[in-house]
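Q: So that you have it, the file is run26.pdb, and it contains PDB, C-alpha atoms, pLDDT in the B column:
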```pdb
ATOM      1  CA  LYS Q   1      84.467  59.400  65.777  1.00 50.00           C
ATOM      2  CA  PHE Q   2      88.276  59.770  65.936  1.00 51.00           C
ATOM      3  CA  ASN Q   3      88.596  58.231  69.436  1.00 57.00           C
ATOM      4  CA  GLN Q   4      87.714  54.690  68.380  1.00 58.00           C
ATOM      5  CA  ALA Q   5      90.613  52.192  68.779  1.00 58.00           C
ATOM      6  CA  TYR Q   6      91.410  49.680  66.065  1.00 51.00           C
ATOM      7  CA  VAL Q   7      93.305  46.432  66.500  1.00 53.00           C
ATOM      8  CA  LEU Q   8      95.450  45.475  63.538  1.00 49.00           C
ATOM      9  CA  PRO Q   9      96.084  41.810  62.714  1.00 52.00           C
ATOM     10  CA  ASP Q  10      99.507  40.389  63.651  1.00 54.00           C
ATOM     11  CA  GLU Q  11     100.505  39.971  59.991  1.00 53.00           C
ATOM     12  CA  ILE Q  12     100.659  43.738  59.531  1.00 45.00           C
ATOM     13  CA  PHE Q  13     103.748  44.009  61.736  1.00 44.00           C
ATOM     14  CA  ASP Q  14     107.111  43.405  60.186  1.00 52.00           C
ATOM     15  CA  LYS Q  15     109.088  40.648  61.920  1.00 54.00           C
ATOM     16  CA  GLU Q  16     112.170  41.274  59.748  1.00 58.00           C
ATOM     17  CA  PRO Q  17     114.102  43.115  62.544  1.00 57.00           C
ATOM     18  CA  GLU Q  18     114.463  39.747  64.328  1.00 63.00           C
ATOM     19  CA  LYS Q  19     116.877  38.730  61.584  1.00 55.00           C
ATOM     20  CA  PHE Q  20     119.250  41.468  62.713  1.00 59.00           C
ATOM     21  CA  SER Q  21     119.084  40.644  66.425  1.00 65.00           C
ATOM     22  CA  PRO Q  22     122.559  39.681  67.722  1.00 63.00           C
ATOM     23  CA  GLN Q  23     120.963  37.836  70.655  1.00 64.00           C
ATOM     24  CA  HIS Q  24     118.851  35.664  68.356  1.00 62.00           C
ATOM     25  CA  CYS Q  25     120.985  35.378  65.206  1.00 82.00           C
ATOM     26  CA  GLY Q  26     124.570  36.297  66.137  1.00 74.00           C
ATOM     27  CA  HIS Q  27     126.733  39.292  65.307  1.00 78.00           C
ATOM     28  CA  MET Q  28     127.838  40.373  61.843  1.00 84.00           C
ATOM     29  CA  ASN Q  29     129.946  43.146  60.350  1.00 82.00           C
ATOM     30  CA  SER Q  30     128.428  45.924  58.300  1.00 85.00           C
ATOM     31  CA  GLU Q  31     129.399  45.991  54.616  1.00 89.00           C
ATOM     32  CA  ILE Q  32     132.902  47.074  53.663  1.00 90.00           C
ATOM     33  CA  TYR Q  33     133.183  49.073  50.449  1.00 88.00           C
ATOM     34  CA  VAL Q  34     136.558  49.458  48.760  1.00 88.00           C
ATOM     35  CA  GLY Q  35     137.793  52.368  46.631  1.00 81.00           C
ATOM     36  CA  TYR Q  36     138.180  56.009  47.567  1.00 76.00           C
ATOM     37  CA  LYS Q  37     134.657  57.212  46.712  1.00 74.00           C
ATOM     38  CA  ARG Q  38     132.413  54.412  47.929  1.00 66.00           C
ATOM     39  CA  ALA Q  39     134.532  53.741  51.003  1.00 60.00           C
ATOM     40  CA  THR Q  40     134.114  57.397  52.014  1.00 61.00           C
ATOM     41  CA  TRP Q  41     130.365  57.329  51.423  1.00 55.00           C
ATOM     42  CA  TRP Q  42     129.907  54.215  53.576  1.00 56.00           C
ATOM     43  CA  GLY Q  43     132.360  55.185  56.287  1.00 54.00           C
ATOM     44  CA  ALA Q  44     134.935  52.494  55.580  1.00 63.00           C
ATOM     45  CA  GLN Q  45     138.539  53.208  56.504  1.00 69.00           C
ATOM     46  CA  ILE Q  46     141.892  52.072  55.149  1.00 74.00           C
ATOM     47  CA  ALA Q  47     144.090  50.988  58.045  1.00 73.00           C
ATOM     48  CA  ASN Q  48     147.327  51.763  56.178  1.00 69.00           C
ATOM     49  CA  LYS Q  49     148.581  55.183  57.248  1.00 65.00           C
ATOM     50  CA  GLN Q  50     149.732  56.142  53.752  1.00 63.00           C
ATOM     51  CA  TRP Q  51     148.365  59.042  51.741  1.00 61.00           C
ATOM     52  CA  ILE Q  52     146.286  57.539  48.954  1.00 68.00           C
ATOM     53  CA  ARG Q  53     146.005  59.633  45.827  1.00 74.00           C
ATOM     54  CA  PRO Q  54     142.881  58.705  43.825  1.00 79.00           C
ATOM     55  CA  GLY Q  55     143.607  56.840  40.625  1.00 82.00           C
ATOM     56  CA  HIS Q  56     147.266  56.221  41.425  1.00 86.00           C
ATOM     57  CA  THR Q  57     149.197  53.020  41.995  1.00 92.00           C
ATOM     58  CA  ILE Q  58     150.869  52.720  45.393  1.00 89.00           C
ATOM     59  CA  ILE Q  59     153.035  50.161  47.164  1.00 92.00           C
ATOM     60  CA  PHE Q  60     151.193  49.514  50.423  1.00 91.00           C
ATOM     61  CA  LYS Q  61     152.842  48.209  53.576  1.00 93.00           C
ATOM     62  CA  ASP Q  62     150.801  46.364  56.188  1.00 94.00           C
ATOM     63  CA  ARG Q  63     152.257  47.477  59.532  1.00 90.00           C
ATOM     64  CA  GLY Q  64     149.676  45.655  61.610  1.00 90.00           C
ATOM     65  CA  ASP Q  65     147.222  48.546  62.042  1.00 88.00           C
ATOM     66  CA  ARG Q  66     143.570  47.481  62.000  1.00 86.00           C
ATOM     67  CA  VAL Q  67     140.248  49.341  61.934  1.00 82.00           C
ATOM     68  CA  GLU Q  68     136.829  48.244  63.131  1.00 80.00           C
ATOM     69  CA  LYS Q  69     135.097  49.071  59.841  1.00 81.00           C
ATOM     70  CA  GLY Q  70     137.440  48.893  56.913  1.00 84.00           C
ATOM     71  CA  PHE Q  71     140.372  47.045  55.421  1.00 91.00           C
ATOM     72  CA  PHE Q  72     144.167  46.916  55.129  1.00 93.00           C
ATOM     73  CA  MET Q  73     146.542  46.112  52.273  1.00 93.00           C
ATOM     74  CA  GLU Q  74     149.982  44.879  51.371  1.00 96.00           C
ATOM     75  CA  GLY Q  75     151.648  45.190  47.983  1.00 96.00           C
ATOM     76  CA  VAL Q  76     150.914  47.088  44.784  1.00 96.00           C
ATOM     77  CA  TRP Q  77     147.359  48.382  44.323  1.00 95.00           C
ATOM     78  CA  THR Q  78     145.619  51.115  42.335  1.00 93.00           C
ATOM     79  CA  ASN Q  79     142.968  53.149  44.147  1.00 89.00           C
ATOM     80  CA  HIS Q  80     139.840  53.680  41.995  1.00 90.00           C
ATOM     81  CA  GLU Q  81     136.481  55.231  42.848  1.00 87.00           C
ATOM     82  CA  ASP Q  82     134.654  51.945  43.389  1.00 89.00           C
ATOM     83  CA  TYR Q  83     137.380  49.337  43.855  1.00 93.00           C
ATOM     84  CA  MET Q  84     141.014  48.577  44.568  1.00 93.00           C
ATOM     85  CA  GLU Q  85     142.782  46.924  41.623  1.00 96.00           C
ATOM     86  CA  HIS Q  86     145.712  44.564  42.007  1.00 97.00           C
ATOM     87  CA  ALA Q  87     148.421  46.241  39.944  1.00 96.00           C
ATOM     88  CA  ARG Q  88     150.980  43.495  39.243  1.00 96.00           C
ATOM     89  CA  PRO Q  89     151.138  39.739  38.693  1.00 95.00           C
ATOM     90  CA  SER Q  90     151.925  37.996  41.971  1.00 95.00           C
ATOM     91  CA  PRO Q  91     152.500  34.254  41.489  1.00 93.00           C
ATOM     92  CA  ALA Q  92     154.453  34.213  44.777  1.00 95.00           C
ATOM     93  CA  LEU Q  93     151.436  35.706  46.592  1.00 97.00           C
ATOM     94  CA  GLU Q  94     153.114  38.863  47.863  1.00 97.00           C
ATOM     95  CA  ASP Q  95     150.047  41.139  47.848  1.00 98.00           C
ATOM     96  CA  TYR Q  96     146.803  40.980  49.786  1.00 98.00           C
ATOM     97  CA  LEU Q  97     143.771  42.917  50.931  1.00 97.00           C
ATOM     98  CA  GLY Q  98     142.305  41.949  54.285  1.00 96.00           C
ATOM     99  CA  PHE Q  99     139.858  42.822  57.037  1.00 95.00           C
ATOM    100  CA  ASP Q 100     138.683  41.652  60.442  1.00 95.00           C
ATOM    101  CA  TYR Q 101     135.177  40.243  60.760  1.00 95.00           C
ATOM    102  CA  ILE Q 102     132.568  38.602  62.953  1.00 94.00           C
ATOM    103  CA  ALA Q 103     129.889  36.889  60.860  1.00 94.00           C
ATOM    104  CA  HIS Q 104     128.304  33.553  60.028  1.00 93.00           C
ATOM    105  CA  GLU Q 105     129.009  34.064  56.302  1.00 95.00           C
ATOM    106  CA  VAL Q 106     131.287  36.355  54.259  1.00 97.00           C
ATOM    107  CA  TYR Q 107     130.807  37.277  50.596  1.00 97.00           C
ATOM    108  CA  GLY Q 108     133.101  39.238  48.309  1.00 97.00           C
ATOM    109  CA  MET Q 109     132.222  41.138  45.135  1.00 97.00           C
ATOM    110  CA  ILE Q 110     135.367  40.594  43.057  1.00 98.00           C
ATOM    111  CA  ALA Q 111     135.707  41.774  39.465  1.00 97.00           C
ATOM    112  CA  ARG Q 112     138.101  41.294  36.547  1.00 95.00           C
ATOM    113  CA  SER Q 113     139.604  44.174  34.627  1.00 94.00           C
ATOM    114  CA  PRO Q 114     139.025  44.095  30.837  1.00 92.00           C
ATOM    115  CA  GLY Q 115     141.344  41.592  29.188  1.00 88.00           C
ATOM    116  CA  MET Q 116     142.482  40.044  32.451  1.00 91.00           C
ATOM    117  CA  PRO Q 117     142.952  36.253  32.177  1.00 90.00           C
ATOM    118  CA  ALA Q 118     141.212  34.029  34.699  1.00 93.00           C
ATOM    119  CA  GLY Q 119     143.342  33.411  37.750  1.00 96.00           C
ATOM    120  CA  ARG Q 120     143.378  32.299  41.337  1.00 98.00           C
ATOM    121  CA  VAL Q 121     142.702  34.444  44.376  1.00 98.00           C
ATOM    122  CA  TYR Q 122     143.956  32.716  47.508  1.00 98.00           C
ATOM    123  CA  VAL Q 123     142.110  33.193  50.798  1.00 98.00           C
ATOM    124  CA  THR Q 124     143.473  32.831  54.316  1.00 98.00           C
ATOM    125  CA  ARG Q 125     141.660  32.945  57.637  1.00 98.00           C
ATOM    126  CA  ASP Q 126     143.876  34.014  60.527  1.00 98.00           C
ATOM    127  CA  ASN Q 127     146.899  33.493  58.209  1.00 97.00           C
ATOM    128  CA  LEU Q 128     146.029  29.841  57.551  1.00 98.00           C
ATOM    129  CA  PRO Q 129     143.956  28.076  54.879  1.00 98.00           C
ATOM    130  CA  VAL Q 130     140.239  28.389  55.544  1.00 98.00           C
ATOM    131  CA  PRO Q 131     139.121  25.345  57.601  1.00 97.00           C
ATOM    132  CA  LEU Q 132     136.931  22.885  55.718  1.00 97.00           C
ATOM    133  CA  GLU Q 133     133.941  23.532  57.987  1.00 96.00           C
ATOM    134  CA  SER Q 134     134.098  27.285  57.293  1.00 96.00           C
ATOM    135  CA  ARG Q 135     134.716  27.288  53.530  1.00 97.00           C
ATOM    136  CA  GLY Q 136     132.312  29.053  51.222  1.00 96.00           C
ATOM    137  CA  ILE Q 137     131.104  27.063  48.223  1.00 96.00           C
ATOM    138  CA  ASP Q 138     133.480  28.915  45.876  1.00 98.00           C
ATOM    139  CA  LEU Q 139     136.622  27.931  47.794  1.00 98.00           C
ATOM    140  CA  LYS Q 140     138.788  25.067  46.589  1.00 98.00           C
ATOM    141  CA  GLU Q 141     141.994  23.505  47.896  1.00 98.00           C
ATOM    142  CA  ASP Q 142     145.229  23.211  45.919  1.00 97.00           C
ATOM    143  CA  VAL Q 143     147.765  20.383  46.195  1.00 97.00           C
ATOM    144  CA  GLN Q 144     149.557  22.266  48.993  1.00 96.00           C
ATOM    145  CA  GLY Q 145     146.382  22.576  51.046  1.00 97.00           C
ATOM    146  CA  ARG Q 146     145.944  26.302  50.359  1.00 98.00           C
ATOM    147  CA  THR Q 147     142.423  27.661  49.815  1.00 98.00           C
ATOM    148  CA  TYR Q 148     141.509  29.741  46.767  1.00 98.00           C
ATOM    149  CA  PHE Q 149     138.758  30.563  44.270  1.00 98.00           C
ATOM    150  CA  TRP Q 150     138.946  30.938  40.512  1.00 98.00           C
ATOM    151  CA  LEU Q 151     138.345  34.523  39.422  1.00 97.00           C
ATOM    152  CA  ARG Q 152     136.766  33.778  36.044  1.00 95.00           C
ATOM    153  CA  GLU Q 153     134.029  36.396  36.077  1.00 95.00           C
ATOM    154  CA  SER Q 154     132.961  39.507  37.946  1.00 96.00           C
ATOM    155  CA  ARG Q 155     130.473  38.396  40.589  1.00 96.00           C
ATOM    156  CA  LEU Q 156     129.776  37.756  44.258  1.00 96.00           C
ATOM    157  CA  TYR Q 157     131.968  34.955  45.640  1.00 98.00           C
ATOM    158  CA  TYR Q 158     131.040  32.861  48.696  1.00 97.00           C
ATOM    159  CA  LEU Q 159     134.133  32.959  50.899  1.00 98.00           C
ATOM    160  CA  ILE Q 160     133.063  31.887  54.402  1.00 97.00           C
ATOM    161  CA  MET Q 161     130.079  29.765  55.456  1.00 95.00           C
ATOM    162  CA  GLY Q 162     129.192  28.248  58.821  1.00 92.00           C
ATOM    163  CA  GLU Q 163     131.611  30.425  60.760  1.00 93.00           C
ATOM    164  CA  ASP Q 164     131.787  30.442  64.558  1.00 92.00           C
ATOM    165  CA  ALA Q 165     130.968  33.483  66.702  1.00 89.00           C
ATOM    166  CA  GLU Q 166     134.589  34.572  67.255  1.00 94.00           C
ATOM    167  CA  PRO Q 167     136.447  37.427  65.501  1.00 94.00           C
ATOM    168  CA  HIS Q 168     138.703  36.409  62.607  1.00 96.00           C
ATOM    169  CA  GLU Q 169     140.909  37.993  59.968  1.00 97.00           C
ATOM    170  CA  LEU Q 170     140.427  37.295  56.271  1.00 98.00           C
ATOM    171  CA  LYS Q 171     143.014  38.039  53.573  1.00 98.00           C
ATOM    172  CA  LEU Q 172     142.637  37.759  49.809  1.00 98.00           C
ATOM    173  CA  TRP Q 173     145.859  37.165  47.840  1.00 98.00           C
ATOM    174  CA  PRO Q 174     145.325  37.598  44.070  1.00 98.00           C
ATOM    175  CA  GLU Q 175     147.739  35.998  41.633  1.00 97.00           C
ATOM    176  CA  PRO Q 176     146.698  37.908  38.496  1.00 95.00           C
ATOM    177  CA  GLN Q 177     147.124  41.576  37.788  1.00 96.00           C
ATOM    178  CA  GLY Q 178     143.743  43.264  37.314  1.00 97.00           C
ATOM    179  CA  ALA Q 179     141.769  41.584  40.117  1.00 98.00           C
ATOM    180  CA  ARG Q 180     139.385  44.194  41.519  1.00 97.00           C
ATOM    181  CA  MET Q 181     138.167  44.148  45.121  1.00 97.00           C
ATOM    182  CA  VAL Q 182     134.809  45.952  45.133  1.00 95.00           C
ATOM    183  CA  TYR Q 183     133.010  45.228  48.418  1.00 94.00           C
ATOM    184  CA  PHE Q 184     132.492  42.629  51.127  1.00 95.00           C
ATOM    185  CA  SER Q 185     129.212  41.778  52.819  1.00 94.00           C
ATOM    186  CA  PHE Q 186     128.313  39.624  55.790  1.00 93.00           C
ATOM    187  CA  SER Q 187     125.394  37.719  57.249  1.00 91.00           C
ATOM    188  CA  ASN Q 188     124.377  36.195  60.547  1.00 88.00           C
ATOM    189  CA  ARG Q 189     122.727  32.789  61.058  1.00 82.00           C
ATOM    190  CA  CYS Q 190     119.235  34.050  60.202  1.00 84.00           C
ATOM    191  CA  LEU Q 191     120.150  36.007  57.073  1.00 71.00           C
ATOM    192  CA  SER Q 192     122.099  33.016  55.706  1.00 69.00           C
ATOM    193  CA  ASP Q 193     118.920  31.021  55.115  1.00 68.00           C
ATOM    194  CA  PHE Q 194     118.818  31.171  51.306  1.00 64.00           C
ATOM    195  CA  GLU Q 195     119.887  29.024  48.358  1.00 68.00           C
ATOM    196  CA  HIS Q 196     123.607  29.422  47.709  1.00 66.00           C
ATOM    197  CA  LEU Q 197     124.163  29.097  43.967  1.00 63.00           C
TER     198      LEU Q 197
END
```
Let me see the structure of the file written as C-alpha cells.
A:
Amino acid sequence: KFNQAYVLPDEIFDKEPEKFSPQHCGHMNSEIYVGYKRATWWGAQIANKQWIRPGHTIIFKDRGDRVEKGFFMEGVWTNHEDYMEHARPSPALEDYLGFDYIAHEVYGMIARSPGMPAGRVYVTRDNLPVPLESRGIDLKEDVQGRTYFWLRESRLYYLIMGEDAEPHELKLWPEPQGARMVYFSFSNRCLSDFEHL
C-alpha cells in the first residue's frame, strides 16, 4: 500500500523562487547591515582599513577601498551595535556612508537619535544627484539640484526606484548630528511589485 504514487495539484508548489531569479527578474544585492554586531552576524564588511572600537567615535577616511558586501565611510561616526551614528553637524556635507549596489530598488532604514532635530540627508549616485528616473519617492531636489530626503522620523526610506541593471555607488550625506544608518535592503524587478507608501 506504500508503493502507490500520488500526483499533487500545481498550487501546492511554491513559485516564489522565481522572484529571486536573476535571469527573470534581474540582479540585486543582499542586505547590508551597519553597526559592529549586526554587520558581523550578516557578514557585512567595512571597507575602511581602520580599527573600529565598539561604541567609540572615529574620524573615518575613505581611501577608495570597496567591498562586495558592505559599506565605506568618510567623516566622524560612532560605531554602535546596530547602527552607525553621525557624530557631528555637517552643513557643508563633509561626511558620508556609502556602498556599491546592483538592484532595481534601494531602501534605507535610517533613524534619529533621541532629541535630534529633523534634518536633511543628501543622496548621491555615482557622485552626482540621483537622476529623476531613478529617484525613490522620498527623494526631493533642492534649489541647487541636489537630491535629499527629510529625516523626520525613524523608518524605511525609498532611495532608488526604477534603476537600470548596471552597478552604481550610493552615498548618504547627513547634515544633522545623530542620524543613524541601520541597514539597507534591495529588490529586483519582481520583488518591487508592491504599493510604495
Q: Atom CA of Q:Gly162 and atom CA of Q:Asp142 are how many Å apart?
A: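 Atom CA of Q:Gly162 sits 21.2 Å away from atom CA of Q:Asp142.
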Q: Select from stretch 22-107 of chain Q every residue with an atom at most 10 Å from any atom of stretch 112-123 of chain Q, then for each give the shortest pair of atoms and their distance in Å to one decimal, using all atoms listed in the file, rows by chain and rising number, as a Markdown table.
A:
```
| residue | atom | partner | partner_atom | distance |
| --- | --- | --- | --- | --- |
| Q:Glu85 | CA | Q:Ser113 | CA | 8.2 |
| Q:His86 | CA | Q:Ser113 | CA | 9.6 |
| Q:Pro91 | CA | Q:Arg120 | CA | 9.3 |
| Q:Leu93 | CA | Q:Tyr122 | CA | 8.1 |
| Q:Tyr96 | CA | Q:Tyr122 | CA | 9.0 |
| Q:Leu97 | CA | Q:Val123 | CA | 9.9 |
| Q:Gly98 | CA | Q:Val123 | CA | 9.4 |
```
Q: Do a neighbour search on Q:Ala47 at 7 Å with all atoms listed in the file, toss out local chain neighbours closer than 4 positions, and write the hits as an NGL selection string.
A: :Q and (65-67 or 71-72)
Q: Output C-alpha atoms for every residue in that selection, as a JSON list (two decimals), in the frame of the given file.
A:
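The resulting part04.json:
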```json
[["chain", "number", "residue", "atom", "x", "y", "z"],
["Q", 65, "ASP", "CA", 147.22, 48.55, 62.04],
["Q", 66, "ARG", "CA", 143.57, 47.48, 62.00],
["Q", 67, "VAL", "CA", 140.25, 49.34, 61.93],
["Q", 71, "PHE", "CA", 140.37, 47.04, 55.42],
["Q", 72, "PHE", "CA", 144.17, 46.92, 55.13]]
```
Q: I'd like the interatomic distance between atom CA of Q:Pro131 and atom CA of Q:His104, to a tenth of an Å.
A: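 Straight-line distance from atom CA of Q:Pro131 to atom CA of Q:His104 works out to 13.8 Å.
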Q: Smallest atom-to-atom distance to Q:Gly75: which of Q:Leu172, Q:Arg189, Q:Asn127, Q:Tyr107, using all atoms listed in the file?
A: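 That would be Q:Leu172, the residue with the smallest distance to Q:Gly75.
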Q: Write out as an mmCIF file with C-alpha atoms, in the frame of the given file each polymer residue whose atoms come within 12 Å of Q:Glu133, counting only C-alpha atoms; drop sequence neighbours fewer than 4 positions from it.
A:
```
data_model
loop_
_atom_site.group_PDB
_atom_site.id
_atom_site.type_symbol
_atom_site.label_atom_id
_atom_site.label_comp_id
_atom_site.auth_asym_id
_atom_site.auth_seq_id
_atom_site.Cartn_x
_atom_site.Cartn_y
_atom_site.Cartn_z
ATOM 1 C CA HIS Q 104 128.304 33.553 60.028
ATOM 2 C CA GLU Q 105 129.009 34.064 56.302
ATOM 3 C CA PRO Q 129 143.956 28.076 54.879
ATOM 4 C CA ILE Q 137 131.104 27.063 48.223
ATOM 5 C CA LEU Q 139 136.622 27.931 47.794
ATOM 6 C CA LEU Q 159 134.133 32.959 50.899
ATOM 7 C CA ILE Q 160 133.063 31.887 54.402
ATOM 8 C CA MET Q 161 130.079 29.765 55.456
ATOM 9 C CA GLY Q 162 129.192 28.248 58.821
ATOM 10 C CA GLU Q 163 131.611 30.425 60.760
ATOM 11 C CA ASP Q 164 131.787 30.442 64.558
#
```
Q: Where does the PyMOL selection byres ((chain Q and resi 109) around 6) land in this file, that is, which residues does it pick, as a list in words?
A: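 Applying the PyMOL selection byres ((chain Q and resi 109) around 6) to the structure shown produces Gly108, Ile110, Arg155, Leu156, Val182 and Tyr183 of chain Q.
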Q: With the file shown as input, list the residues that the PyMOL selection byres ((chain Q and resi 50-64) around 6) selects, as a compact mmCIF listing (two decimals) with C-alpha atoms, in the coordinates of the input.
A:
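Output (out_5.txt):
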```txt
# COMPACT_ATOMS: atom_id res chain seq x y z
CA ASN Q 48 147.33 51.76 56.18
CA LYS Q 49 148.58 55.18 57.25
CA ASP Q 65 147.22 48.55 62.04
CA MET Q 73 146.54 46.11 52.27
CA GLU Q 74 149.98 44.88 51.37
CA GLY Q 75 151.65 45.19 47.98
CA VAL Q 76 150.91 47.09 44.78
CA TRP Q 77 147.36 48.38 44.32
CA THR Q 78 145.62 51.12 42.34
CA ASN Q 79 142.97 53.15 44.15
CA HIS Q 80 139.84 53.68 42.00
```
Q: Between atom CA of Q:Glu94 and atom CA of Q:Glu141, what is the distance in Å, rounded to a tenth?
A: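 According to the coordinates, atom CA of Q:Glu94 and atom CA of Q:Glu141 are separated by 19.0 Å.
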Q: Out of Q:Val143, Q:Leu132, Q:Ala111, Q:Met181, which residue has the shortest atom-to-atom distance to Q:Ile32 when counting all atoms listed in the file?
A: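 Comparing Q:Val143, Q:Leu132, Q:Ala111, Q:Met181 against Q:Ile32, the winner is Q:Met181.
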Q: Return the padded bounding box of stretch 103-114 of chain Q as AutoDock Vina command-line options: axis-aligned, built from all atoms listed in the file, 8 Å added on each side, with centre and edge lengths in Å to one decimal.
A:
```
--center_x 134.0 --center_y 38.9 --center_z 45.8 --size_x 27.3 --size_y 26.6 --size_z 46.0
```
Q: Is it possible to add all heavy atoms to stretch 178-186 of chain Q and hand it back as a PDB file, keeping the file's coordinate frame?
A:
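Okay, this is what ended up in result38.pdb:
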```pdb
ATOM      1  N   GLY Q 178     145.061  42.887  37.804  1.00 97.00           N
ATOM      2  CA  GLY Q 178     143.743  43.264  37.314  1.00 97.00           C
ATOM      3  C   GLY Q 178     142.582  42.774  38.151  1.00 97.00           C
ATOM      4  O   GLY Q 178     141.430  43.087  37.859  1.00 97.00           O
ATOM      5  N   ALA Q 179     142.844  41.989  39.214  1.00 98.00           N
ATOM      6  CA  ALA Q 179     141.769  41.584  40.117  1.00 98.00           C
ATOM      7  C   ALA Q 179     141.273  42.812  40.882  1.00 98.00           C
ATOM      8  O   ALA Q 179     142.077  43.568  41.436  1.00 98.00           O
ATOM      9  CB  ALA Q 179     142.263  40.518  41.088  1.00 98.00           C
ATOM     10  N   ARG Q 180     139.969  43.010  40.905  1.00 97.00           N
ATOM     11  CA  ARG Q 180     139.385  44.194  41.519  1.00 97.00           C
ATOM     12  C   ARG Q 180     138.551  43.820  42.740  1.00 97.00           C
ATOM     13  O   ARG Q 180     137.577  43.075  42.633  1.00 97.00           O
ATOM     14  CB  ARG Q 180     138.513  44.936  40.503  1.00 97.00           C
ATOM     15  CG  ARG Q 180     139.299  45.494  39.331  1.00 97.00           C
ATOM     16  CD  ARG Q 180     138.401  46.104  38.278  1.00 97.00           C
ATOM     17  NE  ARG Q 180     139.190  46.801  37.255  1.00 97.00           N
ATOM     18  CZ  ARG Q 180     138.660  47.403  36.191  1.00 97.00           C
ATOM     19  NH1 ARG Q 180     137.345  47.381  36.003  1.00 97.00           N
ATOM     20  NH2 ARG Q 180     139.451  48.008  35.313  1.00 97.00           N
ATOM     21  N   MET Q 181     138.927  44.344  43.888  1.00 97.00           N
ATOM     22  CA  MET Q 181     138.167  44.148  45.121  1.00 97.00           C
ATOM     23  C   MET Q 181     137.146  45.283  45.228  1.00 97.00           C
ATOM     24  O   MET Q 181     137.531  46.452  45.311  1.00 97.00           O
ATOM     25  CB  MET Q 181     139.102  44.158  46.326  1.00 97.00           C
ATOM     26  CG  MET Q 181     140.271  43.197  46.217  1.00 97.00           C
ATOM     27  SD  MET Q 181     139.740  41.476  46.222  1.00 97.00           S
ATOM     28  CE  MET Q 181     141.254  40.661  45.707  1.00 97.00           C
ATOM     29  N   VAL Q 182     135.859  44.944  45.205  1.00 95.00           N
ATOM     30  CA  VAL Q 182     134.809  45.952  45.133  1.00 95.00           C
ATOM     31  C   VAL Q 182     134.142  46.169  46.496  1.00 95.00           C
ATOM     32  O   VAL Q 182     134.105  47.284  46.998  1.00 95.00           O
ATOM     33  CB  VAL Q 182     133.758  45.575  44.072  1.00 95.00           C
ATOM     34  CG1 VAL Q 182     132.695  46.669  43.941  1.00 95.00           C
ATOM     35  CG2 VAL Q 182     134.432  45.326  42.713  1.00 95.00           C
ATOM     36  N   TYR Q 183     133.578  45.112  47.069  1.00 94.00           N
ATOM     37  CA  TYR Q 183     133.010  45.228  48.418  1.00 94.00           C
ATOM     38  C   TYR Q 183     132.883  43.854  49.043  1.00 94.00           C
ATOM     39  O   TYR Q 183     132.958  42.825  48.367  1.00 94.00           O
ATOM     40  CB  TYR Q 183     131.662  45.961  48.418  1.00 94.00           C
ATOM     41  CG  TYR Q 183     130.514  45.210  47.776  1.00 94.00           C
ATOM     42  CD1 TYR Q 183     129.790  44.242  48.458  1.00 94.00           C
ATOM     43  CD2 TYR Q 183     130.121  45.508  46.468  1.00 94.00           C
ATOM     44  CE1 TYR Q 183     128.738  43.570  47.877  1.00 94.00           C
ATOM     45  CE2 TYR Q 183     129.070  44.844  45.869  1.00 94.00           C
ATOM     46  CZ  TYR Q 183     128.388  43.876  46.578  1.00 94.00           C
ATOM     47  OH  TYR Q 183     127.347  43.205  45.983  1.00 94.00           O
ATOM     48  N   PHE Q 184     132.678  43.855  50.369  1.00 95.00           N
ATOM     49  CA  PHE Q 184     132.492  42.629  51.127  1.00 95.00           C
ATOM     50  C   PHE Q 184     131.242  42.782  51.981  1.00 95.00           C
ATOM     51  O   PHE Q 184     131.024  43.827  52.592  1.00 95.00           O
ATOM     52  CB  PHE Q 184     133.714  42.336  51.990  1.00 95.00           C
ATOM     53  CG  PHE Q 184     134.956  42.142  51.178  1.00 95.00           C
ATOM     54  CD1 PHE Q 184     135.796  43.219  50.919  1.00 95.00           C
ATOM     55  CD2 PHE Q 184     135.271  40.908  50.639  1.00 95.00           C
ATOM     56  CE1 PHE Q 184     136.928  43.062  50.145  1.00 95.00           C
ATOM     57  CE2 PHE Q 184     136.400  40.742  49.861  1.00 95.00           C
ATOM     58  CZ  PHE Q 184     137.230  41.826  49.607  1.00 95.00           C
ATOM     59  N   SER Q 185     130.429  41.745  52.008  1.00 94.00           N
ATOM     60  CA  SER Q 185     129.212  41.778  52.819  1.00 94.00           C
ATOM     61  C   SER Q 185     129.175  40.553  53.718  1.00 94.00           C
ATOM     62  O   SER Q 185     129.907  39.572  53.503  1.00 94.00           O
ATOM     63  CB  SER Q 185     127.964  41.868  51.938  1.00 94.00           C
ATOM     64  OG  SER Q 185     127.926  40.796  51.017  1.00 94.00           O
ATOM     65  N   PHE Q 186     128.305  40.608  54.723  1.00 93.00           N
ATOM     66  CA  PHE Q 186     128.313  39.624  55.790  1.00 93.00           C
ATOM     67  C   PHE Q 186     126.881  39.260  56.162  1.00 93.00           C
ATOM     68  O   PHE Q 186     125.946  40.023  55.909  1.00 93.00           O
ATOM     69  CB  PHE Q 186     129.021  40.204  57.020  1.00 93.00           C
ATOM     70  CG  PHE Q 186     130.377  40.771  56.705  1.00 93.00           C
ATOM     71  CD1 PHE Q 186     130.524  42.087  56.277  1.00 93.00           C
ATOM     72  CD2 PHE Q 186     131.518  39.987  56.811  1.00 93.00           C
ATOM     73  CE1 PHE Q 186     131.768  42.616  55.967  1.00 93.00           C
ATOM     74  CE2 PHE Q 186     132.764  40.497  56.503  1.00 93.00           C
ATOM     75  CZ  PHE Q 186     132.890  41.813  56.080  1.00 93.00           C
TER      76      PHE Q 186
END
```
